[in-house]
file structure-v1.txt (compact mmCIF, C-alpha atoms and all ligand atoms)
# COMPACT_ATOMS: atom_id res chain seq x y z
CA MET A 221 0.00 0.00 0.00
CA ALA A 222 1.36 3.38 -0.99
CA LYS A 223 1.92 5.93 1.71
CA THR A 224 0.11 9.21 2.09
CA ILE A 225 2.18 12.12 0.78
CA ILE A 226 -0.37 14.91 1.13
CA GLN A 227 -2.99 15.20 3.80
CA VAL A 228 -5.50 18.05 3.89
CA LYS A 229 -7.89 18.21 6.83
CA ASN A 230 -10.92 20.45 7.03
CA LEU A 231 -9.31 23.23 5.00
CA HIS A 232 -11.07 26.59 4.90
CA LYS A 233 -10.15 29.73 2.98
CA LYS A 234 -11.92 33.06 3.24
CA TYR A 235 -11.29 36.07 1.01
CA GLY A 236 -12.86 38.79 3.18
CA ASP A 237 -16.42 37.60 3.80
CA PHE A 238 -16.37 35.16 0.90
CA GLU A 239 -15.56 31.58 1.74
CA ALA A 240 -13.86 30.07 -1.30
CA VAL A 241 -12.90 26.76 0.38
CA LYS A 242 -15.43 25.35 2.82
CA GLY A 243 -13.84 22.58 4.83
CA ILE A 244 -12.29 20.15 2.42
CA SER A 245 -10.34 17.03 3.37
CA PHE A 246 -8.43 14.65 1.15
CA GLU A 247 -5.29 12.58 0.91
CA VAL A 248 -2.94 12.00 -1.98
CA MET A 249 -0.87 8.83 -2.12
CA GLU A 250 2.78 8.77 -3.12
CA GLY A 251 3.19 8.13 -6.86
CA GLU A 252 -0.39 9.03 -7.71
CA ILE A 253 -1.67 11.32 -10.42
CA PHE A 254 -4.41 13.05 -8.48
CA GLY A 255 -6.91 15.33 -10.24
CA LEU A 256 -8.80 18.27 -8.81
CA LEU A 257 -11.83 18.85 -11.01
CA GLY A 258 -14.54 21.45 -10.77
CA PRO A 259 -16.13 24.44 -12.47
CA ASN A 260 -14.44 27.84 -12.57
CA GLY A 261 -14.38 29.41 -9.13
CA ALA A 262 -14.76 26.07 -7.33
CA GLY A 263 -11.61 26.68 -5.27
CA LYS A 264 -9.14 24.42 -7.06
CA SER A 265 -6.32 26.93 -7.50
CA THR A 266 -6.83 28.30 -3.98
CA THR A 267 -6.48 24.78 -2.56
CA LEU A 268 -3.37 24.03 -4.62
CA GLU A 269 -1.72 27.32 -3.76
CA ILE A 270 -2.31 26.80 -0.04
CA ILE A 271 -0.61 23.39 -0.20
CA GLU A 272 2.18 24.98 -2.28
CA THR A 273 2.71 27.49 0.58
CA LEU A 274 1.88 30.37 -1.80
CA ARG A 275 -1.36 31.37 -0.06
CA GLU A 276 -2.40 31.63 3.59
CA LYS A 277 -5.19 29.33 4.70
CA THR A 278 -7.92 30.50 7.06
CA SER A 279 -8.07 27.24 9.02
CA GLY A 280 -7.50 23.52 8.72
CA GLU A 281 -4.41 21.35 8.57
CA VAL A 282 -2.07 20.51 5.72
CA TYR A 283 0.74 17.94 5.82
CA VAL A 284 3.11 17.32 2.95
CA ASP A 285 5.24 14.20 3.40
CA GLY A 286 4.45 14.45 7.10
CA ILE A 287 5.61 18.08 7.33
CA ASN A 288 3.08 20.37 8.98
CA LEU A 289 2.49 23.46 6.82
CA ASP A 290 2.07 25.59 9.95
CA HIS A 291 5.42 24.55 11.37
CA ALA A 292 7.80 24.22 8.43
CA PRO A 293 6.55 25.71 5.15
CA ASN A 294 10.14 26.10 3.96
CA ASP A 295 10.74 22.37 4.33
CA ILE A 296 7.65 21.77 2.18
CA LYS A 297 8.97 24.17 -0.48
CA LYS A 298 12.11 22.07 -0.80
CA ILE A 299 10.25 18.90 -1.81
CA ILE A 300 7.61 20.32 -4.14
CA GLY A 301 7.71 21.59 -7.71
CA VAL A 302 5.64 24.63 -8.52
CA GLN A 303 4.88 26.20 -11.89
CA LEU A 304 6.26 29.74 -11.81
CA GLN A 305 4.23 32.65 -13.09
CA THR A 306 5.25 33.22 -16.70
CA SER A 307 5.88 36.85 -15.74
CA GLY A 308 9.04 35.53 -14.07
CA TYR A 309 10.41 34.39 -17.43
CA TYR A 310 12.79 37.23 -18.16
CA PRO A 311 12.15 38.02 -21.84
CA LEU A 312 15.80 38.51 -22.81
CA LEU A 313 16.91 35.09 -21.55
CA ASN A 314 16.72 31.89 -23.57
CA LEU A 315 15.47 28.58 -22.15
CA THR A 316 18.93 27.40 -21.07
CA GLU A 317 19.62 30.70 -19.33
CA LEU A 318 16.23 30.67 -17.60
CA ILE A 319 16.84 27.17 -16.23
CA THR A 320 20.30 28.19 -15.01
CA LEU A 321 18.77 31.24 -13.33
CA PHE A 322 15.99 29.26 -11.62
CA ALA A 323 18.43 26.53 -10.58
CA GLY A 324 20.50 29.23 -8.92
CA LEU A 325 17.45 30.43 -7.01
CA TYR A 326 16.87 26.87 -5.78
CA ASN A 327 20.58 26.44 -5.07
CA GLU A 328 20.59 23.36 -7.31
CA GLU A 329 23.11 22.09 -9.83
CA VAL A 330 21.17 21.35 -13.00
CA ASP A 331 22.23 20.38 -16.51
CA PRO A 332 19.85 22.58 -18.54
CA LEU A 333 20.12 20.49 -21.71
CA ALA A 334 19.37 17.25 -19.86
CA LEU A 335 16.35 18.88 -18.27
CA LEU A 336 15.18 20.24 -21.63
CA ASP A 337 15.58 16.69 -22.97
CA THR A 338 13.10 15.33 -20.44
CA VAL A 339 10.44 17.68 -21.84
CA ASN A 340 11.55 17.26 -25.44
CA LEU A 341 12.79 20.84 -25.86
CA ARG A 342 16.53 20.40 -26.39
CA ASP A 343 16.32 21.87 -29.88
CA LYS A 344 14.74 25.02 -28.37
CA ALA A 345 17.59 25.53 -25.89
CA LYS A 346 18.54 28.87 -27.44
CA ALA A 347 14.96 30.05 -28.03
CA LYS A 348 13.17 32.66 -25.92
CA PHE A 349 10.03 31.61 -24.04
CA LYS A 350 7.83 33.92 -26.10
CA GLU A 351 8.96 32.18 -29.30
CA LEU A 352 7.52 28.83 -28.19
CA SER A 353 4.17 27.33 -29.20
CA GLY A 354 1.48 26.79 -26.57
CA GLY A 355 2.45 23.16 -26.00
CA GLN A 356 6.14 23.99 -25.82
CA LYS A 357 5.46 26.75 -23.28
CA GLN A 358 3.61 24.27 -21.08
CA ARG A 359 6.41 21.71 -21.42
CA PHE A 360 8.96 24.33 -20.44
CA SER A 361 6.82 25.35 -17.49
CA ILE A 362 6.71 21.70 -16.38
CA ALA A 363 10.50 21.51 -16.78
CA THR A 364 10.86 24.41 -14.34
CA THR A 365 8.86 22.45 -11.74
CA LEU A 366 11.45 19.65 -11.96
CA ILE A 367 14.54 21.79 -11.27
CA ASN A 368 14.67 21.05 -7.54
CA ARG A 369 14.04 17.30 -8.10
CA PRO A 370 10.73 17.46 -6.23
CA ARG A 371 8.76 14.56 -4.74
CA ILE A 372 5.49 16.19 -5.82
CA ILE A 373 4.60 18.56 -8.63
CA PHE A 374 1.55 20.79 -8.91
CA LEU A 375 0.12 21.51 -12.35
CA ASP A 376 -2.77 23.99 -12.55
CA GLU A 377 -4.61 23.53 -15.87
CA PRO A 378 -1.46 22.60 -17.83
CA THR A 379 -3.39 21.60 -20.96
CA THR A 380 -5.90 24.45 -21.20
CA GLY A 381 -5.94 25.85 -24.73
CA LEU A 382 -3.71 23.19 -26.27
CA ASP A 383 -4.55 21.32 -29.48
CA PRO A 384 -5.28 17.57 -29.21
CA GLN A 385 -1.76 16.53 -30.27
CA ALA A 386 -0.07 18.81 -27.74
CA ARG A 387 -2.49 17.66 -25.06
CA ARG A 388 -1.63 13.99 -25.63
CA ASN A 389 2.05 14.83 -25.69
CA LEU A 390 1.67 16.48 -22.29
CA TRP A 391 -0.17 13.43 -20.92
CA ASP A 392 2.80 11.28 -21.97
CA LEU A 393 5.17 13.71 -20.26
CA ILE A 394 3.12 13.69 -17.05
CA ARG A 395 3.04 9.88 -17.09
CA ASP A 396 6.83 9.79 -17.57
CA ILE A 397 7.30 12.10 -14.59
CA ARG A 398 5.11 9.87 -12.46
CA LYS A 399 6.94 6.77 -13.66
CA LYS A 400 10.08 8.24 -12.14
CA GLY A 401 8.27 8.28 -8.78
CA THR A 402 7.05 11.86 -8.64
CA THR A 403 3.53 12.45 -7.35
CA VAL A 404 1.44 14.72 -9.59
CA ILE A 405 -1.49 16.91 -8.60
CA ILE A 406 -3.25 18.39 -11.57
CA THR A 407 -6.33 20.50 -12.24
CA THR A 408 -8.17 20.27 -15.53
CA HIS A 409 -11.46 21.14 -17.18
CA TYR A 410 -11.16 18.24 -19.60
CA MET A 411 -12.99 15.20 -18.27
CA ASP A 412 -11.61 12.89 -20.97
CA GLU A 413 -8.15 13.93 -19.79
CA ALA A 414 -8.94 13.25 -16.13
CA GLU A 415 -10.42 9.89 -17.10
CA VAL A 416 -7.31 8.62 -18.87
CA LEU A 417 -4.64 10.38 -16.82
CA CYS A 418 -5.73 10.48 -13.17
CA ASP A 419 -5.60 7.55 -10.76
CA ARG A 420 -8.11 9.34 -8.54
CA VAL A 421 -10.01 12.60 -8.79
CA ALA A 422 -11.77 14.89 -6.35
CA ILE A 423 -14.66 16.90 -7.76
CA ILE A 424 -14.94 20.29 -6.07
CA ASP A 425 -17.97 22.54 -6.35
CA SER A 426 -18.39 25.85 -4.51
CA GLY A 427 -15.54 25.07 -2.14
CA LYS A 428 -16.66 21.56 -1.18
CA ILE A 429 -15.59 18.12 -2.34
CA ILE A 430 -18.71 16.48 -3.69
CA ALA A 431 -17.11 13.25 -4.94
CA MET A 432 -13.75 11.52 -4.73
CA ASN A 433 -12.70 8.20 -6.21
CA THR A 434 -11.08 6.62 -9.25
CA PRO A 435 -12.67 7.83 -12.51
CA ASP A 436 -13.83 4.25 -13.15
CA LYS A 437 -15.61 3.93 -9.81
CA LEU A 438 -17.29 7.33 -10.17
CA ILE A 439 -18.62 6.31 -13.58
CA ASP A 440 -19.81 2.93 -12.22
CA GLU A 441 -21.58 4.67 -9.34
CA LEU A 442 -23.42 6.94 -11.76
CA VAL A 443 -24.41 4.01 -13.98
CA GLU A 444 -25.70 2.13 -10.91
CA THR A 445 -28.17 4.94 -10.26
CA GLY A 446 -29.80 4.06 -13.57
CA PHE A 447 -28.13 6.87 -15.49
CA GLU A 448 -28.04 6.35 -19.22
CA LYS A 449 -26.61 8.61 -21.89
CA ALA A 450 -29.34 10.16 -24.00
CA LYS A 451 -27.37 9.55 -27.18
CA GLU A 452 -26.42 6.22 -28.62
CA VAL A 453 -22.89 5.48 -27.46
CA LYS A 454 -20.54 5.17 -30.43
CA GLN A 455 -17.20 3.40 -30.46
CA ALA A 456 -15.43 6.69 -31.20
CA ASN A 457 -15.98 10.41 -30.80
CA LEU A 458 -15.07 13.44 -32.89
CA GLU A 459 -11.74 13.79 -31.12
CA ASP A 460 -10.90 10.21 -32.14
CA VAL A 461 -11.74 11.15 -35.73
CA PHE A 462 -9.53 14.24 -35.49
CA ILE A 463 -6.58 12.31 -34.06
CA SER A 464 -6.98 9.44 -36.48
CA LEU A 465 -7.02 11.85 -39.45
CA THR A 466 -4.28 14.21 -38.30
CA GLY A 467 -2.08 11.74 -36.40
CA ARG A 468 -0.46 12.08 -33.00
CA ALA A 469 2.66 13.89 -34.20
CA LEU A 470 3.22 17.34 -32.79
CA ARG A 471 2.89 20.17 -35.31
CA GLU A 472 4.62 22.95 -33.46
CA GLU A 473 8.23 21.97 -34.04
P1 LIG B 1 -10.75 27.72 -9.44
O1 LIG B 1 -9.27 27.57 -9.54
O2 LIG B 1 -11.46 26.47 -9.04
O3 LIG B 1 -11.34 28.32 -10.68
P2 LIG B 1 -10.11 29.73 -7.44
O4 LIG B 1 -9.49 28.98 -6.31
O5 LIG B 1 -9.23 30.48 -8.34
O6 LIG B 1 -11.07 28.74 -8.25
O7 LIG B 1 -11.18 30.74 -6.85
C1 LIG B 1 -12.19 30.33 -5.94
C2 LIG B 1 -13.05 31.53 -5.60
O8 LIG B 1 -12.30 32.45 -4.83
C3 LIG B 1 -13.56 32.30 -6.80
O9 LIG B 1 -14.86 32.75 -6.55
C4 LIG B 1 -12.61 33.46 -6.91
O10 LIG B 1 -13.22 34.58 -7.50
C5 LIG B 1 -12.25 33.71 -5.46
N1 LIG B 1 -10.89 34.26 -5.32
C6 LIG B 1 -9.75 33.67 -5.74
N2 LIG B 1 -8.67 34.42 -5.43
C7 LIG B 1 -9.15 35.51 -4.77
C8 LIG B 1 -8.54 36.65 -4.20
N3 LIG B 1 -7.21 36.82 -4.19
N4 LIG B 1 -9.35 37.57 -3.61
C9 LIG B 1 -10.68 37.39 -3.58
N5 LIG B 1 -11.33 36.32 -4.11
C10 LIG B 1 -10.58 35.40 -4.71
MG MG B 2 -7.98 27.89 -11.09

call {"tool": "encode", "arguments": {"input": "structure-v1.txt", "output": "structure tokens"}}
result
Amino acid sequence: MAKTIIQVKNLHKKYGDFEAVKGISFEVMEGEIFGLLGPNGAGKSTTLEIIETLREKTSGEVYVDGINLDHAPNDIKKIIGVQLQTSGYYPLLNLTELITLFAGLYNEEVDPLALLDTVNLRDKAKAKFKELSGGQKQRFSIATTLINRPRIIFLDEPTTGLDPQARRNLWDLIRDIRKKGTTVIITTHYMDEAEVLCDRVAIIDSGKIIAMNTPDKLIDELVETGFEKAKEVKQANLEDVFISLTGRALREE
């Protein structure tokens, strides 16, 4: 049985009078890809940023690898990988220089080309961030989360706005990262993505977790209630048509 790497207990977050997170509790197991799903404004980013030590919570308890957020947030920072705001990507620096800069901030020795290799961007080593395609930007952003060799990475909507090929490419990358033992917490609005990528998901609505399980079990539970799709279920959908016609190869390079 895998061990718990993140534990959130009765977490609340108020912005003034508005309660964005209303007492949520969940655990993430080591090596899992865990999805936080929910409509805009549900409280996903707030929850992630509290665990990432980037936002103050109002109440509740958070433990990351047994470290209490209230006691040692800096120890948590050392073992997690966080996507930096793209505003921190100095426009005059190329990808290699940015990685060297960020590695310096983390006090880590990193081989920028090897890191760019892991996200398939070695041939863009001398490019500026703004010259990258949407999928490449996301891959670079994921590379920056890996600089401090974290145990856990947090990805907030990494595939929003990407074309189907780039989205699948990112799924492969996320699976590779997990294969190396890193736990992944991801938010997404794409349910097909959550279904194929996440081991377990929590569905958040208006600051509360309304369901949590494996995608498979959640679907079975719905079917058991007598739910049936209104439309005839086909063996493929339009996205399958698109991918089968256009192939899986990335177009941005
Ligand atoms: P999600 O990521 O699920 O879309 P967020 O966690 O970003 O949701 O936001 C949850 C709610 O909290 C939203 O109603 C949002 O408007 C509000 N909110 C988020 N950040 C702030 C802030 N800094 N000040 C006030 N309200 C905020
Ligand atoms: Mg968000």

call {"tool": "residues_around", "arguments": {"input": "structure-v1.txt", "residues": "stretch 240-250 of chain A", "least_positions_apart": "5", "cutoff": "10 Å", "atoms": "only C-alpha atoms", "output": "ChimeraX atom specification"}}
result
/A:221-235,255,261-264,266-267,277-285,371-372,398,401-405,419-422,424-430,432

call {"tool": "atom_distance", "arguments": {"input": "structure-v1.txt", "atom1": "atom CA of A:Gly467", "atom2": "atom CA of A:Lys350"}}
result
26.4 Å

call {"tool": "closest_residue", "arguments": {"input": "structure-v1.txt", "among": "A:Glu239, A:Asp392, A:Glu272, A:Asp376", "to": "ligand MG 2 (chain B)", "atoms": "only C-alpha atoms and all ligand atoms"}}
result
A:Asp376

call {"tool": "atom_distance", "arguments": {"input": "structure-v1.txt", "atom1": "atom CA of A:Phe360", "atom2": "atom CA of A:Leu417"}}
result
19.8 Å

call {"tool": "atom_distance", "arguments": {"input": "structure-v1.txt", "atom1": "atom CA of A:Leu336", "atom2": "atom CA of A:Phe254"}}
result
24.7 Å

call {"tool": "closest_residue", "arguments": {"input": "structure-v1.txt", "among": "A:Gln358, A:Asn433, A:Thr338, A:Asn457", "to": "A:Arg395", "atoms": "only C-alpha atoms"}}
result
A:Thr338

call {"tool": "residues_around", "arguments": {"input": "structure-v1.txt", "residues": "A:Pro378", "least_positions_apart": "4", "cutoff": "9 Å", "atoms": "only C-alpha atoms", "output": "list of chain:residue names"}}
result
A:Gln358, A:Arg359, A:Ser361, A:Ile362, A:Leu382, A:Arg387, A:Leu390, A:Ile406, A:Thr407, A:Thr408

call {"tool": "closest_residue", "arguments": {"input": "structure-v1.txt", "among": "A:Asn288, A:Leu333, A:His409, A:Ala363", "to": "ligand LIG 1 (chain B)", "atoms": "all atoms listed in the file"}}
result
A:His409

call {"tool": "residues_near_point", "arguments": {"input": "structure-v1.txt", "point": "(0.1, 8.6, -32.8)", "cutoff": "12 Å", "atoms": "all atoms listed in the file", "output": "MDAnalysis selection string"}}
result
chainID A and resid 384:386 388:389 392 460 462:470

call {"tool": "closest_residue", "arguments": {"input": "structure-v1.txt", "among": "A:Leu315, A:Leu256, A:Asn368, A:Val443", "to": "A:Lys344", "atoms": "all atoms listed in the file"}}
result
A:Leu315

call {"tool": "closest_residue", "arguments": {"input": "structure-v1.txt", "among": "A:Arg471, A:Lys400, A:Lys298, A:Lys348", "to": "A:Ile367", "atoms": "only C-alpha atoms"}}
result
A:Lys298

call {"tool": "closest_residue", "arguments": {"input": "structure-v1.txt", "among": "A:Leu335, A:Val453, A:Ile271, A:Leu375", "to": "ligand MG 2 (chain B)", "atoms": "all atoms listed in the file"}}
result
A:Leu375

call {"tool": "residues_around", "arguments": {"input": "structure-v1.txt", "residues": "A:Val416", "least_positions_apart": "4", "cutoff": "10 Å", "atoms": "all atoms listed in the file", "output": "number ranges by chain"}}
result
A: 391, 411-412, 435-436

call {"tool": "residues_around", "arguments": {"input": "structure-v1.txt", "residues": "stretch 324-332 of chain A", "least_positions_apart": "5", "cutoff": "12 Å", "atoms": "all atoms listed in the file", "output": "ChimeraX atom specification"}}
result
/A:294,297-302,314-319,337-339,341-346,360,363-370

call {"tool": "decode", "arguments": {"input": "structure-v1.txt", "residues": "stretch 279-308 of chain A", "atoms": "N, CA, C and O atoms", "output": "PDB file, in the first residue's frame"}}
result
ATOM      1  N   SER A 279      -8.195  28.264   7.974  1.00  0.00           N
ATOM      2  CA  SER A 279      -8.071  27.242   9.022  1.00  0.00           C
ATOM      3  C   SER A 279      -7.948  25.875   8.376  1.00  0.00           C
ATOM      4  O   SER A 279      -8.101  25.725   7.165  1.00  0.00           O
ATOM      5  N   GLY A 280      -7.680  24.884   9.214  1.00  0.00           N
ATOM      6  CA  GLY A 280      -7.497  23.520   8.724  1.00  0.00           C
ATOM      7  C   GLY A 280      -6.035  23.118   8.806  1.00  0.00           C
ATOM      8  O   GLY A 280      -5.184  23.925   9.201  1.00  0.00           O
ATOM      9  N   GLU A 281      -5.777  21.865   8.469  1.00  0.00           N
ATOM     10  CA  GLU A 281      -4.406  21.353   8.574  1.00  0.00           C
ATOM     11  C   GLU A 281      -3.938  20.800   7.237  1.00  0.00           C
ATOM     12  O   GLU A 281      -4.717  20.186   6.516  1.00  0.00           O
ATOM     13  N   VAL A 282      -2.671  21.036   6.951  1.00  0.00           N
ATOM     14  CA  VAL A 282      -2.073  20.506   5.722  1.00  0.00           C
ATOM     15  C   VAL A 282      -0.729  19.870   6.083  1.00  0.00           C
ATOM     16  O   VAL A 282       0.090  20.494   6.764  1.00  0.00           O
ATOM     17  N   TYR A 283      -0.547  18.633   5.646  1.00  0.00           N
ATOM     18  CA  TYR A 283       0.736  17.943   5.821  1.00  0.00           C
ATOM     19  C   TYR A 283       1.242  17.498   4.462  1.00  0.00           C
ATOM     20  O   TYR A 283       0.495  16.929   3.675  1.00  0.00           O
ATOM     21  N   VAL A 284       2.495  17.787   4.193  1.00  0.00           N
ATOM     22  CA  VAL A 284       3.112  17.323   2.953  1.00  0.00           C
ATOM     23  C   VAL A 284       4.301  16.455   3.352  1.00  0.00           C
ATOM     24  O   VAL A 284       5.225  16.942   4.004  1.00  0.00           O
ATOM     25  N   ASP A 285       4.236  15.174   2.985  1.00  0.00           N
ATOM     26  CA  ASP A 285       5.243  14.201   3.400  1.00  0.00           C
ATOM     27  C   ASP A 285       5.467  14.275   4.916  1.00  0.00           C
ATOM     28  O   ASP A 285       6.607  14.245   5.389  1.00  0.00           O
ATOM     29  N   GLY A 286       4.383  14.411   5.632  1.00  0.00           N
ATOM     30  CA  GLY A 286       4.446  14.447   7.096  1.00  0.00           C
ATOM     31  C   GLY A 286       4.841  15.798   7.681  1.00  0.00           C
ATOM     32  O   GLY A 286       4.823  15.972   8.900  1.00  0.00           O
ATOM     33  N   ILE A 287       5.191  16.763   6.827  1.00  0.00           N
ATOM     34  CA  ILE A 287       5.612  18.083   7.327  1.00  0.00           C
ATOM     35  C   ILE A 287       4.375  18.956   7.508  1.00  0.00           C
ATOM     36  O   ILE A 287       3.580  19.125   6.574  1.00  0.00           O
ATOM     37  N   ASN A 288       4.224  19.507   8.689  1.00  0.00           N
ATOM     38  CA  ASN A 288       3.079  20.371   8.976  1.00  0.00           C
ATOM     39  C   ASN A 288       3.316  21.752   8.359  1.00  0.00           C
ATOM     40  O   ASN A 288       4.302  22.417   8.653  1.00  0.00           O
ATOM     41  N   LEU A 289       2.376  22.163   7.504  1.00  0.00           N
ATOM     42  CA  LEU A 289       2.488  23.458   6.823  1.00  0.00           C
ATOM     43  C   LEU A 289       2.638  24.614   7.813  1.00  0.00           C
ATOM     44  O   LEU A 289       3.333  25.593   7.537  1.00  0.00           O
ATOM     45  N   ASP A 290       1.997  24.495   8.970  1.00  0.00           N
ATOM     46  CA  ASP A 290       2.066  25.585   9.953  1.00  0.00           C
ATOM     47  C   ASP A 290       3.433  25.672  10.617  1.00  0.00           C
ATOM     48  O   ASP A 290       3.826  26.717  11.111  1.00  0.00           O
ATOM     49  N   HIS A 291       4.148  24.561  10.644  1.00  0.00           N
ATOM     50  CA  HIS A 291       5.418  24.546  11.374  1.00  0.00           C
ATOM     51  C   HIS A 291       6.620  24.767  10.476  1.00  0.00           C
ATOM     52  O   HIS A 291       7.580  25.404  10.883  1.00  0.00           O
ATOM     53  N   ALA A 292       6.576  24.195   9.257  1.00  0.00           N
ATOM     54  CA  ALA A 292       7.799  24.218   8.434  1.00  0.00           C
ATOM     55  C   ALA A 292       7.502  24.392   6.942  1.00  0.00           C
ATOM     56  O   ALA A 292       7.851  23.535   6.131  1.00  0.00           O
ATOM     57  N   PRO A 293       6.863  25.516   6.577  1.00  0.00           N
ATOM     58  CA  PRO A 293       6.548  25.712   5.154  1.00  0.00           C
ATOM     59  C   PRO A 293       7.788  25.668   4.262  1.00  0.00           C
ATOM     60  O   PRO A 293       7.716  25.198   3.122  1.00  0.00           O
ATOM     61  N   ASN A 294       8.926  26.107   4.781  1.00  0.00           N
ATOM     62  CA  ASN A 294      10.137  26.102   3.956  1.00  0.00           C
ATOM     63  C   ASN A 294      10.630  24.692   3.653  1.00  0.00           C
ATOM     64  O   ASN A 294      11.198  24.449   2.598  1.00  0.00           O
ATOM     65  N   ASP A 295      10.379  23.768   4.582  1.00  0.00           N
ATOM     66  CA  ASP A 295      10.741  22.369   4.325  1.00  0.00           C
ATOM     67  C   ASP A 295       9.832  21.790   3.248  1.00  0.00           C
ATOM     68  O   ASP A 295      10.263  20.957   2.444  1.00  0.00           O
ATOM     69  N   ILE A 296       8.577  22.224   3.240  1.00  0.00           N
ATOM     70  CA  ILE A 296       7.654  21.768   2.184  1.00  0.00           C
ATOM     71  C   ILE A 296       8.133  22.282   0.837  1.00  0.00           C
ATOM     72  O   ILE A 296       8.197  21.539  -0.140  1.00  0.00           O
ATOM     73  N   LYS A 297       8.503  23.569   0.796  1.00  0.00           N
ATOM     74  CA  LYS A 297       8.966  24.166  -0.476  1.00  0.00           C
ATOM     75  C   LYS A 297      10.088  23.364  -1.114  1.00  0.00           C
ATOM     76  O   LYS A 297      10.184  23.280  -2.339  1.00  0.00           O
ATOM     77  N   LYS A 298      10.939  22.791  -0.272  1.00  0.00           N
ATOM     78  CA  LYS A 298      12.114  22.073  -0.800  1.00  0.00           C
ATOM     79  C   LYS A 298      11.730  20.799  -1.539  1.00  0.00           C
ATOM     80  O   LYS A 298      12.491  20.329  -2.383  1.00  0.00           O
ATOM     81  N   ILE A 299      10.580  20.205  -1.211  1.00  0.00           N
ATOM     82  CA  ILE A 299      10.254  18.904  -1.811  1.00  0.00           C
ATOM     83  C   ILE A 299       9.132  18.982  -2.840  1.00  0.00           C
ATOM     84  O   ILE A 299       8.675  17.952  -3.335  1.00  0.00           O
ATOM     85  N   ILE A 300       8.682  20.199  -3.138  1.00  0.00           N
ATOM     86  CA  ILE A 300       7.611  20.316  -4.138  1.00  0.00           C
ATOM     87  C   ILE A 300       8.087  21.119  -5.355  1.00  0.00           C
ATOM     88  O   ILE A 300       9.017  21.920  -5.267  1.00  0.00           O
ATOM     89  N   GLY A 301       7.430  20.858  -6.473  1.00  0.00           N
ATOM     90  CA  GLY A 301       7.712  21.586  -7.709  1.00  0.00           C
ATOM     91  C   GLY A 301       6.493  22.402  -8.088  1.00  0.00           C
ATOM     92  O   GLY A 301       5.390  21.883  -8.170  1.00  0.00           O
ATOM     93  N   VAL A 302       6.737  23.692  -8.289  1.00  0.00           N
ATOM     94  CA  VAL A 302       5.642  24.629  -8.516  1.00  0.00           C
ATOM     95  C   VAL A 302       5.853  25.311  -9.856  1.00  0.00           C
ATOM     96  O   VAL A 302       6.977  25.681 -10.200  1.00  0.00           O
ATOM     97  N   GLN A 303       4.773  25.464 -10.630  1.00  0.00           N
ATOM     98  CA  GLN A 303       4.884  26.204 -11.892  1.00  0.00           C
ATOM     99  C   GLN A 303       5.010  27.682 -11.566  1.00  0.00           C
ATOM    100  O   GLN A 303       4.171  28.245 -10.867  1.00  0.00           O
ATOM    101  N   LEU A 304       6.060  28.303 -12.083  1.00  0.00           N
ATOM    102  CA  LEU A 304       6.259  29.735 -11.813  1.00  0.00           C
ATOM    103  C   LEU A 304       5.338  30.552 -12.703  1.00  0.00           C
ATOM    104  O   LEU A 304       4.946  30.116 -13.782  1.00  0.00           O
ATOM    105  N   GLN A 305       4.998  31.742 -12.242  1.00  0.00           N
ATOM    106  CA  GLN A 305       4.229  32.652 -13.093  1.00  0.00           C
ATOM    107  C   GLN A 305       5.086  32.971 -14.312  1.00  0.00           C
ATOM    108  O   GLN A 305       6.280  33.226 -14.183  1.00  0.00           O
ATOM    109  N   THR A 306       4.449  32.980 -15.492  1.00  0.00           N
ATOM    110  CA  THR A 306       5.247  33.217 -16.697  1.00  0.00           C
ATOM    111  C   THR A 306       5.844  34.618 -16.703  1.00  0.00           C
ATOM    112  O   THR A 306       6.808  34.883 -17.411  1.00  0.00           O
ATOM    113  N   SER A 307       5.304  35.501 -15.844  1.00  0.00           N
ATOM    114  CA  SER A 307       5.884  36.853 -15.742  1.00  0.00           C
ATOM    115  C   SER A 307       7.315  36.800 -15.216  1.00  0.00           C
ATOM    116  O   SER A 307       8.087  37.740 -15.407  1.00  0.00           O
ATOM    117  N   GLY A 308       7.673  35.675 -14.570  1.00  0.00           N
ATOM    118  CA  GLY A 308       9.036  35.534 -14.066  1.00  0.00           C
ATOM    119  C   GLY A 308      10.026  35.074 -15.131  1.00  0.00           C
ATOM    120  O   GLY A 308      11.218  34.937 -14.865  1.00  0.00           O
TER     121      GLY A 308
END
